[in-house]
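Take a look at the structure below.
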Amino acid sequence: MLQKLALVLLAPLLIWQGRQVRKNTLRLPEAAGARAGVQGKSNRFRLLILGDSAAAGVGCNTQEEAVCGHLVARAAEYYQVHWQLWAQSSLTCAGILQLAQQQSETEPFDLVLISAGVNDVTRRTALSDWRHDLQALTQYLREQRRAKRIVFTALPPMHKFPALPQPLRWFIGQQARRLDNALQRHCEQNNCEYLALDLPFEPDYMAEDGFHPSPKAAKLWAHAIREI
């Protein structure tokens with residue numbers, strides 16, 4: 001009750017701060033480089049990196065520096081990796097599903113790494129819609145893309161994002177926690193993996209815009225996945 005009252009009282013300030021953040025935040029491009037390829041030797045391994053701006057490498061100059069490049073390099077130590085990157089800035093979970101549905105690839109994937117949720121937080125996706133979209137994406141990957149292993153990356157602790165002023169940072173952080181809790185339950189109930197990240201919120205691990213992971217953080221992200 002007190003939280004709802006606080007939100008009502010803070011609503012004008014939160015709206016104003018949100019507009020200022022959108023107006024003043026540095027817009028970084030997606031990382032440059034190939035979005036598909038083959039790397040390594042030995043047994044064939046199909047890898048898909050799917051998602052939003054973080055998956056697309058925003059905050060890194062090249063895909064080699066981004067989570068995609070680090071994950072491909074790691075997997076290529078053991079396999080011949082046939083990899084794809086399907087990612088785009090500003091996509092919600094529903095948008096990520098639409099992006100996947102537009103791809104012509106037909107072979108099944110051994111591993112799908114997903115980055116989703118930040119844009120659902122900022123766009124105020126309802127919790128019920130978030131659950132529905134997670135279910136739809138998972139079902140699509142299993143049934144249409146025949147994904148053997150699906151890994152959802154945890155939502156970042158947005159209450160720590162340096163680009164967000166208070167009390168907007170607190171408000172966004174509360175929204176992120178709610179969606180992340182639902183994501184954890186979804187993974188438990190649908191035999192997906194929930195990838196918790198404990199990234200340092202220090203300048204070396206944040207991109208210039210204060211929102212996205214730097215190359216150092218992207219490397220930690222890729223290496224956080226257990227056995228490949």
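Residue numbering restarts at 1 in every chain; chains get A, B, ... in the order shown in the structure tokens, and ligands count up from 1 in that same order.
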From the DSSP assignment of the backbone, select every residue of range 43-149 of chain A that is alpha helix (DSSP H), and format the answer as a ChimeraX atom specification.
/A:67-75,93-101,118-122,127-143
Tell me, as JSON, numbers by chain, which residues lie within 8 Å of range 102-119 of chain A, counting only C-alpha atoms; anything in the same chain fewer than 6 positions away does not count.
{"A": [45, 46, 47, 48, 49, 50, 51, 52, 54, 55, 90, 91, 92, 93, 96, 145, 146, 147, 148, 149, 150, 151, 152, 153, 154, 155, 156, 176, 179, 180]}
Can you pull out every residue within 8 Å of range 79-82 of chain A, counting only C-alpha atoms, but drop anything in the same chain fewer than 5 positions away, and send it as JSON, numbers by chain?
{"A": [36, 37, 38, 39, 40, 41, 42, 43, 44, 45, 46, 47, 72]}
Taking the DSSP secondary structure from the backbone, can you list the residues of range 2-223 of chain A that are strand (DSSP E or B), as a ChimeraX atom specification?
/A:32,36-40,44-51,62,80-87,111-115,150-153,193-195,206,213
